[in-house]
>>> print(open('work-v3.cif').read())   # mmCIF, N, CA and C atoms
data_start
#
loop_
_atom_site.label_atom_id
_atom_site.label_comp_id
_atom_site.auth_asym_id
_atom_site.auth_seq_id
_atom_site.Cartn_x
_atom_site.Cartn_y
_atom_site.Cartn_z
N MET A 12 15.97 6.81 1.82
CA MET A 12 16.55 8.04 2.29
C MET A 12 15.55 9.19 2.22
N LYS A 13 14.79 9.25 1.13
CA LYS A 13 13.82 10.34 0.98
C LYS A 13 12.76 10.33 2.10
N PRO A 14 12.19 9.16 2.44
CA PRO A 14 11.21 9.16 3.53
C PRO A 14 11.80 9.65 4.85
N LEU A 15 13.05 9.29 5.14
CA LEU A 15 13.68 9.75 6.37
C LEU A 15 13.81 11.26 6.36
N LEU A 16 14.21 11.81 5.24
CA LEU A 16 14.35 13.26 5.11
C LEU A 16 12.99 13.95 5.30
N VAL A 17 11.95 13.40 4.68
CA VAL A 17 10.61 13.96 4.85
C VAL A 17 10.19 13.90 6.31
N LEU A 18 10.45 12.79 6.97
CA LEU A 18 10.09 12.62 8.38
C LEU A 18 10.79 13.67 9.25
N LEU A 19 12.09 13.80 9.10
CA LEU A 19 12.85 14.70 9.96
C LEU A 19 12.54 16.16 9.69
N VAL A 20 12.44 16.54 8.42
CA VAL A 20 12.12 17.92 8.08
C VAL A 20 10.70 18.27 8.55
N SER A 21 9.77 17.35 8.36
CA SER A 21 8.39 17.57 8.82
C SER A 21 8.33 17.72 10.33
N PHE A 22 9.12 16.93 11.03
CA PHE A 22 9.15 17.02 12.48
C PHE A 22 9.69 18.38 12.91
N LEU A 23 10.78 18.79 12.31
CA LEU A 23 11.38 20.08 12.64
C LEU A 23 10.41 21.23 12.34
N LEU A 24 9.82 21.21 11.16
CA LEU A 24 8.86 22.26 10.80
C LEU A 24 7.63 22.24 11.71
N GLY A 25 7.17 21.05 12.04
CA GLY A 25 6.04 20.93 12.95
C GLY A 25 6.34 21.54 14.31
N CYS A 26 7.53 21.28 14.82
CA CYS A 26 7.94 21.86 16.10
C CYS A 26 8.02 23.39 16.01
N ILE A 27 8.57 23.89 14.93
CA ILE A 27 8.68 25.34 14.74
C ILE A 27 7.30 25.98 14.67
N VAL A 28 6.41 25.40 13.89
CA VAL A 28 5.06 25.95 13.74
C VAL A 28 4.31 25.90 15.07
N LEU A 29 4.36 24.77 15.76
CA LEU A 29 3.67 24.66 17.05
C LEU A 29 4.20 25.69 18.04
N LYS A 30 5.50 25.85 18.09
CA LYS A 30 6.10 26.80 19.03
C LYS A 30 5.77 28.24 18.64
N SER A 31 5.78 28.53 17.33
CA SER A 31 5.49 29.90 16.88
C SER A 31 4.02 30.28 17.10
N MET A 32 3.16 29.28 17.20
CA MET A 32 1.74 29.54 17.46
C MET A 32 1.50 29.74 18.96
N GLY A 33 2.56 29.69 19.73
CA GLY A 33 2.43 29.89 21.16
C GLY A 33 1.86 28.69 21.88
N LYS A 34 1.81 27.55 21.20
CA LYS A 34 1.27 26.35 21.80
C LYS A 34 2.36 25.59 22.53
N TYR A 35 1.92 24.76 23.45
CA TYR A 35 2.82 23.84 24.14
C TYR A 35 3.45 22.94 23.09
N LEU A 36 4.74 22.77 23.17
CA LEU A 36 5.44 21.93 22.20
C LEU A 36 5.26 20.47 22.57
N ASP A 37 4.29 19.84 21.95
CA ASP A 37 3.99 18.42 22.17
C ASP A 37 4.79 17.61 21.16
N LEU A 38 5.90 17.05 21.62
CA LEU A 38 6.78 16.31 20.72
C LEU A 38 6.11 15.06 20.15
N ARG A 39 5.24 14.44 20.92
CA ARG A 39 4.53 13.26 20.42
C ARG A 39 3.60 13.65 19.27
N TYR A 40 2.90 14.77 19.43
CA TYR A 40 2.02 15.24 18.35
C TYR A 40 2.85 15.61 17.12
N ALA A 41 3.95 16.31 17.33
CA ALA A 41 4.84 16.67 16.21
C ALA A 41 5.36 15.40 15.53
N GLY A 42 5.64 14.36 16.33
CA GLY A 42 6.09 13.09 15.77
C GLY A 42 5.02 12.42 14.93
N ARG A 43 3.76 12.46 15.41
CA ARG A 43 2.65 11.87 14.64
C ARG A 43 2.42 12.66 13.36
N LEU A 44 2.50 13.97 13.46
CA LEU A 44 2.33 14.82 12.28
C LEU A 44 3.41 14.52 11.24
N ALA A 45 4.65 14.39 11.69
CA ALA A 45 5.75 14.08 10.78
C ALA A 45 5.58 12.71 10.14
N MET A 46 5.18 11.71 10.92
CA MET A 46 4.97 10.38 10.37
C MET A 46 3.82 10.41 9.37
N ALA A 47 2.78 11.20 9.65
CA ALA A 47 1.67 11.32 8.70
C ALA A 47 2.16 11.91 7.38
N PHE A 48 2.99 12.95 7.45
CA PHE A 48 3.54 13.52 6.21
C PHE A 48 4.37 12.48 5.47
N MET A 49 5.18 11.73 6.21
CA MET A 49 6.00 10.70 5.56
C MET A 49 5.13 9.66 4.89
N LEU A 50 4.06 9.24 5.56
CA LEU A 50 3.17 8.23 4.97
C LEU A 50 2.45 8.76 3.73
N PHE A 51 2.04 10.03 3.76
CA PHE A 51 1.45 10.64 2.56
C PHE A 51 2.48 10.64 1.42
N PHE A 52 3.72 10.98 1.75
CA PHE A 52 4.80 11.01 0.76
C PHE A 52 5.05 9.63 0.16
N THR A 53 5.16 8.61 1.03
CA THR A 53 5.43 7.28 0.51
C THR A 53 4.21 6.71 -0.24
N ALA A 54 3.01 7.10 0.19
CA ALA A 54 1.81 6.66 -0.54
C ALA A 54 1.83 7.20 -1.96
N LEU A 55 2.31 8.41 -2.12
CA LEU A 55 2.39 9.01 -3.45
C LEU A 55 3.25 8.14 -4.37
N GLY A 56 4.32 7.58 -3.83
CA GLY A 56 5.17 6.68 -4.62
C GLY A 56 4.44 5.46 -5.13
N HIS A 57 3.45 4.97 -4.36
CA HIS A 57 2.68 3.81 -4.79
C HIS A 57 1.89 4.10 -6.06
N PHE A 58 1.54 5.35 -6.26
CA PHE A 58 0.76 5.74 -7.45
C PHE A 58 1.66 6.20 -8.59
N LEU A 59 2.75 6.90 -8.26
CA LEU A 59 3.66 7.38 -9.30
C LEU A 59 4.54 6.27 -9.86
N TYR A 60 4.92 5.32 -9.01
CA TYR A 60 5.84 4.25 -9.41
C TYR A 60 5.19 2.88 -9.26
N SER A 61 3.92 2.78 -9.59
CA SER A 61 3.20 1.52 -9.36
C SER A 61 3.79 0.36 -10.16
N GLU A 62 4.30 0.64 -11.33
CA GLU A 62 4.91 -0.42 -12.15
C GLU A 62 6.16 -0.97 -11.46
N GLY A 63 7.02 -0.08 -11.02
CA GLY A 63 8.24 -0.49 -10.33
C GLY A 63 7.95 -1.18 -9.01
N MET A 64 6.96 -0.66 -8.28
CA MET A 64 6.64 -1.26 -6.99
C MET A 64 5.98 -2.63 -7.17
N ALA A 65 5.25 -2.81 -8.24
CA ALA A 65 4.66 -4.13 -8.52
C ALA A 65 5.77 -5.15 -8.78
N ALA A 66 6.87 -4.71 -9.37
CA ALA A 66 8.00 -5.61 -9.63
C ALA A 66 8.69 -6.05 -8.34
N MET A 67 8.46 -5.34 -7.25
CA MET A 67 9.04 -5.70 -5.96
C MET A 67 8.38 -6.95 -5.37
N LEU A 68 7.16 -7.21 -5.78
CA LEU A 68 6.39 -8.32 -5.21
C LEU A 68 6.77 -9.64 -5.90
N PRO A 69 6.68 -10.74 -5.19
CA PRO A 69 7.01 -12.04 -5.79
C PRO A 69 6.15 -12.32 -7.03
N GLU A 70 6.75 -12.99 -7.99
CA GLU A 70 6.08 -13.29 -9.26
C GLU A 70 4.78 -14.04 -9.06
N SER A 71 4.73 -14.87 -8.04
CA SER A 71 3.56 -15.72 -7.82
C SER A 71 2.36 -14.97 -7.25
N TRP A 72 2.55 -13.74 -6.79
CA TRP A 72 1.44 -12.99 -6.20
C TRP A 72 0.51 -12.47 -7.30
N PRO A 73 -0.77 -12.69 -7.15
CA PRO A 73 -1.72 -12.16 -8.14
C PRO A 73 -2.04 -10.69 -7.85
N ALA A 74 -2.56 -10.01 -8.83
CA ALA A 74 -3.07 -8.64 -8.69
C ALA A 74 -2.04 -7.71 -8.04
N LYS A 75 -0.82 -7.75 -8.53
CA LYS A 75 0.25 -6.94 -7.93
C LYS A 75 -0.07 -5.45 -7.92
N HIS A 76 -0.61 -4.96 -9.02
CA HIS A 76 -0.92 -3.53 -9.08
C HIS A 76 -2.00 -3.15 -8.06
N SER A 77 -2.94 -4.02 -7.86
CA SER A 77 -3.98 -3.76 -6.86
C SER A 77 -3.38 -3.74 -5.46
N ILE A 78 -2.42 -4.60 -5.21
CA ILE A 78 -1.74 -4.63 -3.91
C ILE A 78 -0.97 -3.33 -3.70
N VAL A 79 -0.27 -2.89 -4.74
CA VAL A 79 0.51 -1.65 -4.64
C VAL A 79 -0.43 -0.47 -4.38
N TRP A 80 -1.48 -0.34 -5.17
CA TRP A 80 -2.43 0.77 -4.99
C TRP A 80 -3.13 0.65 -3.64
N GLY A 81 -3.51 -0.56 -3.26
CA GLY A 81 -4.18 -0.76 -1.97
C GLY A 81 -3.29 -0.38 -0.80
N SER A 82 -2.01 -0.74 -0.87
CA SER A 82 -1.11 -0.38 0.22
C SER A 82 -0.86 1.12 0.25
N GLY A 83 -0.89 1.77 -0.91
CA GLY A 83 -0.79 3.23 -0.94
C GLY A 83 -2.00 3.88 -0.28
N ILE A 84 -3.17 3.35 -0.57
CA ILE A 84 -4.39 3.86 0.07
C ILE A 84 -4.35 3.62 1.57
N LEU A 85 -3.86 2.45 1.98
CA LEU A 85 -3.72 2.15 3.41
C LEU A 85 -2.80 3.17 4.09
N GLU A 86 -1.71 3.52 3.45
CA GLU A 86 -0.79 4.48 4.05
C GLU A 86 -1.47 5.83 4.25
N ILE A 87 -2.33 6.22 3.33
CA ILE A 87 -3.08 7.47 3.49
C ILE A 87 -4.05 7.36 4.66
N VAL A 88 -4.74 6.23 4.77
CA VAL A 88 -5.66 6.01 5.89
C VAL A 88 -4.88 6.02 7.21
N PHE A 89 -3.71 5.37 7.25
CA PHE A 89 -2.89 5.37 8.46
C PHE A 89 -2.49 6.80 8.84
N ALA A 90 -2.09 7.58 7.84
CA ALA A 90 -1.68 8.97 8.10
C ALA A 90 -2.83 9.77 8.70
N ILE A 91 -4.00 9.61 8.15
CA ILE A 91 -5.17 10.31 8.69
C ILE A 91 -5.45 9.85 10.12
N GLY A 92 -5.35 8.55 10.35
CA GLY A 92 -5.56 8.00 11.69
C GLY A 92 -4.60 8.59 12.72
N LEU A 93 -3.36 8.82 12.32
CA LEU A 93 -2.39 9.41 13.25
C LEU A 93 -2.78 10.83 13.66
N LEU A 94 -3.52 11.51 12.80
CA LEU A 94 -3.89 12.90 13.07
C LEU A 94 -5.19 13.04 13.85
N LEU A 95 -5.90 11.94 14.01
CA LEU A 95 -7.17 11.97 14.74
C LEU A 95 -6.94 11.53 16.19
N PRO A 96 -7.22 12.42 17.15
CA PRO A 96 -6.93 12.09 18.55
C PRO A 96 -7.55 10.78 19.03
N SER A 97 -8.72 10.46 18.57
CA SER A 97 -9.38 9.24 19.03
C SER A 97 -8.80 7.97 18.42
N TYR A 98 -8.04 8.12 17.35
CA TYR A 98 -7.57 6.94 16.61
C TYR A 98 -6.05 6.82 16.51
N HIS A 99 -5.30 7.80 17.00
CA HIS A 99 -3.86 7.76 16.74
C HIS A 99 -3.18 6.55 17.37
N ARG A 100 -3.63 6.08 18.51
CA ARG A 100 -3.01 4.90 19.14
C ARG A 100 -3.29 3.64 18.32
N LEU A 101 -4.55 3.46 17.91
CA LEU A 101 -4.90 2.31 17.07
C LEU A 101 -4.16 2.37 15.74
N ALA A 102 -4.13 3.56 15.14
CA ALA A 102 -3.40 3.72 13.88
C ALA A 102 -1.93 3.35 14.07
N GLY A 103 -1.35 3.80 15.18
CA GLY A 103 0.05 3.48 15.45
C GLY A 103 0.29 1.98 15.56
N MET A 104 -0.59 1.28 16.24
CA MET A 104 -0.43 -0.18 16.38
C MET A 104 -0.53 -0.87 15.02
N VAL A 105 -1.45 -0.42 14.19
CA VAL A 105 -1.61 -1.03 12.86
C VAL A 105 -0.40 -0.70 11.99
N ILE A 106 0.11 0.51 12.11
CA ILE A 106 1.31 0.89 11.35
C ILE A 106 2.50 0.04 11.76
N LEU A 107 2.64 -0.25 13.04
CA LEU A 107 3.74 -1.11 13.49
C LEU A 107 3.67 -2.47 12.80
N VAL A 108 2.48 -3.05 12.75
CA VAL A 108 2.30 -4.35 12.08
C VAL A 108 2.62 -4.20 10.59
N PHE A 109 2.12 -3.15 9.97
CA PHE A 109 2.35 -2.91 8.54
C PHE A 109 3.85 -2.79 8.25
N PHE A 110 4.58 -2.02 9.07
CA PHE A 110 6.01 -1.85 8.84
C PHE A 110 6.77 -3.17 8.99
N VAL A 111 6.35 -4.02 9.90
CA VAL A 111 6.98 -5.33 10.04
C VAL A 111 6.67 -6.20 8.82
N LEU A 112 5.43 -6.13 8.34
CA LEU A 112 5.04 -6.97 7.19
C LEU A 112 5.72 -6.56 5.89
N ILE A 113 6.03 -5.28 5.72
CA ILE A 113 6.66 -4.86 4.46
C ILE A 113 8.17 -5.04 4.45
N LEU A 114 8.77 -5.27 5.61
CA LEU A 114 10.23 -5.43 5.64
C LEU A 114 10.73 -6.56 4.75
N PRO A 115 10.10 -7.74 4.76
CA PRO A 115 10.59 -8.80 3.86
C PRO A 115 10.55 -8.40 2.37
N ILE A 116 9.56 -7.60 1.99
CA ILE A 116 9.50 -7.14 0.59
C ILE A 116 10.67 -6.21 0.30
N ASN A 117 11.00 -5.35 1.26
CA ASN A 117 12.15 -4.45 1.07
C ASN A 117 13.46 -5.23 1.02
N ILE A 118 13.57 -6.28 1.82
CA ILE A 118 14.77 -7.11 1.80
C ILE A 118 14.88 -7.83 0.46
N ARG A 119 13.77 -8.42 0.00
CA ARG A 119 13.74 -9.11 -1.29
C ARG A 119 14.14 -8.16 -2.42
N THR A 120 13.60 -6.96 -2.37
CA THR A 120 13.87 -5.95 -3.40
C THR A 120 15.36 -5.63 -3.45
N ALA A 121 15.97 -5.46 -2.30
CA ALA A 121 17.41 -5.16 -2.26
C ALA A 121 18.24 -6.34 -2.75
N LEU A 122 17.89 -7.55 -2.32
CA LEU A 122 18.66 -8.72 -2.73
C LEU A 122 18.61 -8.94 -4.24
N LEU A 123 17.48 -8.57 -4.86
CA LEU A 123 17.32 -8.73 -6.31
C LEU A 123 17.71 -7.48 -7.09
N HIS A 124 18.21 -6.47 -6.39
CA HIS A 124 18.63 -5.21 -7.02
C HIS A 124 17.49 -4.51 -7.77
N ILE A 125 16.26 -4.65 -7.30
CA ILE A 125 15.12 -4.07 -8.01
C ILE A 125 14.99 -2.60 -7.62
N SER A 126 14.81 -1.75 -8.63
CA SER A 126 14.54 -0.34 -8.41
C SER A 126 13.04 -0.17 -8.22
N TYR A 127 12.64 0.42 -7.09
CA TYR A 127 11.20 0.58 -6.85
C TYR A 127 10.58 1.59 -7.82
N GLU A 128 11.39 2.44 -8.43
CA GLU A 128 10.86 3.43 -9.37
C GLU A 128 10.61 2.84 -10.74
N THR A 129 11.53 1.99 -11.21
CA THR A 129 11.44 1.48 -12.57
C THR A 129 11.09 0.00 -12.65
N GLY A 130 11.35 -0.73 -11.58
CA GLY A 130 11.14 -2.17 -11.60
C GLY A 130 12.28 -2.92 -12.27
N GLN A 131 13.31 -2.20 -12.70
CA GLN A 131 14.45 -2.80 -13.37
C GLN A 131 15.47 -3.30 -12.33
N PRO A 132 16.30 -4.28 -12.73
CA PRO A 132 17.28 -4.83 -11.79
C PRO A 132 18.53 -3.94 -11.66
N ASN A 133 18.34 -2.64 -11.47
CA ASN A 133 19.46 -1.72 -11.31
C ASN A 133 19.34 -0.92 -10.00
N GLY A 134 18.66 -1.53 -9.01
CA GLY A 134 18.48 -0.89 -7.71
C GLY A 134 19.76 -0.94 -6.89
N PRO A 135 19.70 -0.42 -5.68
CA PRO A 135 20.91 -0.30 -4.86
C PRO A 135 21.53 -1.61 -4.39
N GLY A 136 20.78 -2.67 -4.37
CA GLY A 136 21.35 -3.97 -4.01
C GLY A 136 21.43 -4.22 -2.52
N PRO A 137 22.06 -5.36 -2.14
CA PRO A 137 22.10 -5.79 -0.74
C PRO A 137 22.77 -4.82 0.22
N ASN A 138 23.73 -4.03 -0.25
CA ASN A 138 24.38 -3.07 0.66
C ASN A 138 23.38 -2.08 1.22
N TYR A 139 22.31 -1.83 0.50
CA TYR A 139 21.25 -0.92 0.95
C TYR A 139 20.63 -1.41 2.26
N LEU A 140 20.65 -2.72 2.49
CA LEU A 140 20.06 -3.28 3.71
C LEU A 140 20.75 -2.79 4.97
N TRP A 141 22.03 -2.42 4.86
CA TRP A 141 22.75 -1.88 6.03
C TRP A 141 22.12 -0.56 6.47
N PHE A 142 21.45 0.11 5.54
CA PHE A 142 20.73 1.33 5.87
C PHE A 142 19.25 1.04 6.11
N ARG A 143 18.65 0.23 5.25
CA ARG A 143 17.20 0.03 5.28
C ARG A 143 16.71 -0.66 6.55
N ILE A 144 17.38 -1.69 7.00
CA ILE A 144 16.90 -2.41 8.18
C ILE A 144 16.97 -1.53 9.44
N PRO A 145 18.08 -0.83 9.70
CA PRO A 145 18.06 0.10 10.84
C PRO A 145 17.03 1.22 10.66
N LEU A 146 16.84 1.66 9.42
CA LEU A 146 15.83 2.69 9.16
C LEU A 146 14.44 2.19 9.52
N GLN A 147 14.15 0.96 9.15
CA GLN A 147 12.85 0.37 9.47
C GLN A 147 12.67 0.28 10.99
N MET A 148 13.72 -0.09 11.70
CA MET A 148 13.66 -0.14 13.16
C MET A 148 13.43 1.26 13.74
N PHE A 149 14.08 2.25 13.15
CA PHE A 149 13.90 3.64 13.57
C PHE A 149 12.45 4.07 13.37
N PHE A 150 11.85 3.71 12.22
CA PHE A 150 10.44 4.04 11.96
C PHE A 150 9.53 3.37 12.97
N LEU A 151 9.82 2.11 13.30
CA LEU A 151 9.03 1.40 14.31
C LEU A 151 9.10 2.10 15.67
N LEU A 152 10.28 2.47 16.06
CA LEU A 152 10.47 3.17 17.33
C LEU A 152 9.75 4.52 17.31
N TRP A 153 9.86 5.23 16.21
CA TRP A 153 9.21 6.54 16.06
C TRP A 153 7.70 6.40 16.25
N VAL A 154 7.10 5.44 15.57
CA VAL A 154 5.65 5.25 15.67
C VAL A 154 5.28 4.83 17.09
N TYR A 155 6.04 3.94 17.66
CA TYR A 155 5.74 3.50 19.03
C TYR A 155 5.76 4.67 20.00
N LEU A 156 6.82 5.48 19.95
CA LEU A 156 6.96 6.57 20.91
C LEU A 156 5.98 7.72 20.67
N SER A 157 5.63 7.97 19.42
CA SER A 157 4.75 9.11 19.14
C SER A 157 3.26 8.75 19.14
N ALA A 158 2.93 7.48 18.88
CA ALA A 158 1.51 7.15 18.71
C ALA A 158 1.00 6.06 19.64
N VAL A 159 1.83 5.11 20.01
CA VAL A 159 1.34 3.93 20.73
C VAL A 159 1.57 4.06 22.24
N LYS A 160 2.77 4.44 22.62
CA LYS A 160 3.12 4.50 24.04
C LYS A 160 2.19 5.47 24.77
N GLN A 161 1.71 5.05 25.92
CA GLN A 161 0.81 5.90 26.72
C GLN A 161 1.59 6.94 27.48
#
>>> encode(input="work-v3.cif", output="structure tokens")
Amino acid sequence: MKPLLVLLVSFLLGCIVLKSMGKYLDLRYAGRLAMAFMLFFTALGHFLYSEGMAAMLPESWPAKHSIVWGSGILEIVFAIGLLLPSYHRLAGMVILVFFVLILPINIRTALLHISYETGQPNGPGPNYLWFRIPLQMFFLLWVYLSAVKQ
């Protein structure tokens, strides 16, 4: 829920700032800017809640903390890529793949009731998937329309 709020508020503020600067309101640019803010926000969670996020990964995976930190760094790189005119399309395509790849981890986390903040089995549970899966599809559509589509 927090990433969605960051995305929508960032988009709204981006539109207001662009319009107040007398610039053409480029909704695709505002969308990329908002997604970049969201990715910076979610990357922060990888560093603040690395213990809990490591618990989201299957037990058999080695170097869980490195994976969590690495994916946080990737999200920062993706966010920067969205803001660079020469790279925003490539960044968008990579983000689409990334969002598809992380969905099974989010599903696993919900099914096991894992809290991404604490790593404890007191997370929202499977009912959260009724929100999370459509949210993930919304993020995919957002990235496609703002960064990938010509």
>>> resolve_selection(input="work-v3.cif", expression="the PyMOL selection byres ((chain A and resi 128) around 6.5)", output="ChimeraX atom specification")
/A:60,62-64,125-127,129-131
>>> resolve_selection(input="work-v3.cif", expression="the PyMOL selection byres ((chain A and resi 87) around 8)", output="CSV table (one decimal) with N, CA and C atoms, keeping the file's coordinate frame")
chain,number,residue,atom,x,y,z
A,47,ALA,N,2.8,11.2,9.6
A,47,ALA,CA,1.7,11.3,8.7
A,47,ALA,C,2.2,11.9,7.4
A,50,LEU,N,4.1,9.2,5.6
A,50,LEU,CA,3.2,8.2,5.0
A,50,LEU,C,2.4,8.8,3.7
A,51,PHE,N,2.0,10.0,3.8
A,51,PHE,CA,1.4,10.6,2.6
A,51,PHE,C,2.5,10.6,1.4
A,52,PHE,N,3.7,11.0,1.8
A,52,PHE,CA,4.8,11.0,0.8
A,52,PHE,C,5.0,9.6,0.2
A,53,THR,N,5.2,8.6,1.0
A,53,THR,CA,5.4,7.3,0.5
A,53,THR,C,4.2,6.7,-0.2
A,54,ALA,N,3.0,7.1,0.2
A,54,ALA,CA,1.8,6.7,-0.5
A,54,ALA,C,1.8,7.2,-2.0
A,55,LEU,N,2.3,8.4,-2.1
A,55,LEU,CA,2.4,9.0,-3.4
A,55,LEU,C,3.2,8.1,-4.4
A,81,GLY,N,-3.5,-0.6,-3.3
A,81,GLY,CA,-4.2,-0.8,-2.0
A,81,GLY,C,-3.3,-0.4,-0.8
A,82,SER,N,-2.0,-0.7,-0.9
A,82,SER,CA,-1.1,-0.4,0.2
A,82,SER,C,-0.9,1.1,0.2
A,83,GLY,N,-0.9,1.8,-0.9
A,83,GLY,CA,-0.8,3.2,-0.9
A,83,GLY,C,-2.0,3.9,-0.3
A,84,ILE,N,-3.2,3.4,-0.6
A,84,ILE,CA,-4.4,3.9,0.1
A,84,ILE,C,-4.4,3.6,1.6
A,85,LEU,N,-3.9,2.4,2.0
A,85,LEU,CA,-3.7,2.2,3.4
A,85,LEU,C,-2.8,3.2,4.1
A,86,GLU,N,-1.7,3.5,3.4
A,86,GLU,CA,-0.8,4.5,4.0
A,86,GLU,C,-1.5,5.8,4.2
A,88,VAL,N,-4.7,6.2,4.8
A,88,VAL,CA,-5.7,6.0,5.9
A,88,VAL,C,-4.9,6.0,7.2
A,89,PHE,N,-3.7,5.4,7.2
A,89,PHE,CA,-2.9,5.4,8.5
A,89,PHE,C,-2.5,6.8,8.8
A,90,ALA,N,-2.1,7.6,7.8
A,90,ALA,CA,-1.7,9.0,8.1
A,90,ALA,C,-2.8,9.8,8.7
A,91,ILE,N,-4.0,9.6,8.2
A,91,ILE,CA,-5.2,10.3,8.7
A,91,ILE,C,-5.4,9.8,10.1
A,92,GLY,N,-5.4,8.6,10.4
A,92,GLY,CA,-5.6,8.0,11.7
A,92,GLY,C,-4.6,8.6,12.7
A,93,LEU,N,-3.4,8.8,12.3
A,93,LEU,CA,-2.4,9.4,13.2
A,93,LEU,C,-2.8,10.8,13.7
>>> residues_around(input="work-v3.cif", residues="segment 106-120 of chain A", least_positions_apart="3", cutoff="6 Å", atoms="only C-alpha atoms", output="list in words")
Met67, Gly103, Leu123, Ile125 and Leu151 of chain A
>>> axis_aligned_box(input="work-v3.cif", around="segment 125-144 of chain A", padding_each_side="3 Å", output="JSON")
{"center_x": 17.5, "center_y": -1.2, "center_z": -2.0, "size_x": 19.8, "size_y": 15.2, "size_z": 28.8}
>>> select_by_dssp(input="work-v3.cif", residues="segment 15-75 of chain A", states="helix (DSSP H, G or I)", output="ChimeraX atom specification")
/A:15-31,38-59,61-66,75
>>> atom_distance(input="work-v3.cif", atom1="atom CA of Arg143 of chain A", atom2="atom CA of Leu18 of chain A")
14.8 Å
>>> atom_distance(input="work-v3.cif", atom1="atom N of Tyr40 of chain A", atom2="atom N of Val20 of chain A")
14.7 Å
>>> atom_distance(input="work-v3.cif", atom1="atom CA of Leu38 of chain A", atom2="atom CA of Leu156 of chain A")
9.7 Å
>>> residues_near_point(input="work-v3.cif", point="(20.0, 7.4, 6.1)", cutoff="10 Å", atoms="only C-alpha atoms", output="PDB file with N, CA and C atoms, in the coordinates of the input")
ATOM      1  N   MET A  12      15.970   6.810   1.820  1.00  0.00           N
ATOM      2  CA  MET A  12      16.550   8.040   2.290  1.00  0.00           C
ATOM      3  C   MET A  12      15.550   9.190   2.220  1.00  0.00           C
ATOM      4  N   LYS A  13      14.790   9.250   1.130  1.00  0.00           N
ATOM      5  CA  LYS A  13      13.820  10.340   0.980  1.00  0.00           C
ATOM      6  C   LYS A  13      12.760  10.330   2.100  1.00  0.00           C
ATOM      7  N   PRO A  14      12.190   9.160   2.440  1.00  0.00           N
ATOM      8  CA  PRO A  14      11.210   9.160   3.530  1.00  0.00           C
ATOM      9  C   PRO A  14      11.800   9.650   4.850  1.00  0.00           C
ATOM     10  N   LEU A  15      13.050   9.290   5.140  1.00  0.00           N
ATOM     11  CA  LEU A  15      13.680   9.750   6.370  1.00  0.00           C
ATOM     12  C   LEU A  15      13.810  11.260   6.360  1.00  0.00           C
ATOM     13  N   LEU A  16      14.210  11.810   5.240  1.00  0.00           N
ATOM     14  CA  LEU A  16      14.350  13.260   5.110  1.00  0.00           C
ATOM     15  C   LEU A  16      12.990  13.950   5.300  1.00  0.00           C
ATOM     16  N   TYR A 139      22.310  -1.830   0.500  1.00  0.00           N
ATOM     17  CA  TYR A 139      21.250  -0.920   0.950  1.00  0.00           C
ATOM     18  C   TYR A 139      20.630  -1.410   2.260  1.00  0.00           C
ATOM     19  N   TRP A 141      22.030  -2.420   4.860  1.00  0.00           N
ATOM     20  CA  TRP A 141      22.750  -1.880   6.030  1.00  0.00           C
ATOM     21  C   TRP A 141      22.120  -0.560   6.470  1.00  0.00           C
ATOM     22  N   PHE A 142      21.450   0.110   5.540  1.00  0.00           N
ATOM     23  CA  PHE A 142      20.730   1.330   5.870  1.00  0.00           C
ATOM     24  C   PHE A 142      19.250   1.040   6.110  1.00  0.00           C
ATOM     25  N   ARG A 143      18.650   0.230   5.250  1.00  0.00           N
ATOM     26  CA  ARG A 143      17.200   0.030   5.280  1.00  0.00           C
ATOM     27  C   ARG A 143      16.710  -0.660   6.550  1.00  0.00           C
ATOM     28  N   PRO A 145      18.080  -0.830   9.700  1.00  0.00           N
ATOM     29  CA  PRO A 145      18.060   0.100  10.840  1.00  0.00           C
ATOM     30  C   PRO A 145      17.030   1.220  10.660  1.00  0.00           C
ATOM     31  N   LEU A 146      16.840   1.660   9.420  1.00  0.00           N
ATOM     32  CA  LEU A 146      15.830   2.690   9.160  1.00  0.00           C
ATOM     33  C   LEU A 146      14.440   2.190   9.520  1.00  0.00           C
TER      34      LEU A 146
END
>>> closest_residue(input="work-v3.cif", among="A:Val105, A:Val154, A:Gly134, A:Ala41", to="Leu23 of chain A", atoms="only C-alpha atoms")
A:Ala41
>>> closest_residue(input="work-v3.cif", among="A:Leu152, A:Val79, A:Met46, A:Leu94", to="Phe58 of chain A", atoms="only N, CA and C atoms")
A:Val79
>>> closest_residue(input="work-v3.cif", among="A:Trp80, A:Ser21, A:Ser97, A:Phe149", to="Phe48 of chain A", atoms="all atoms listed in the file")
A:Ser21
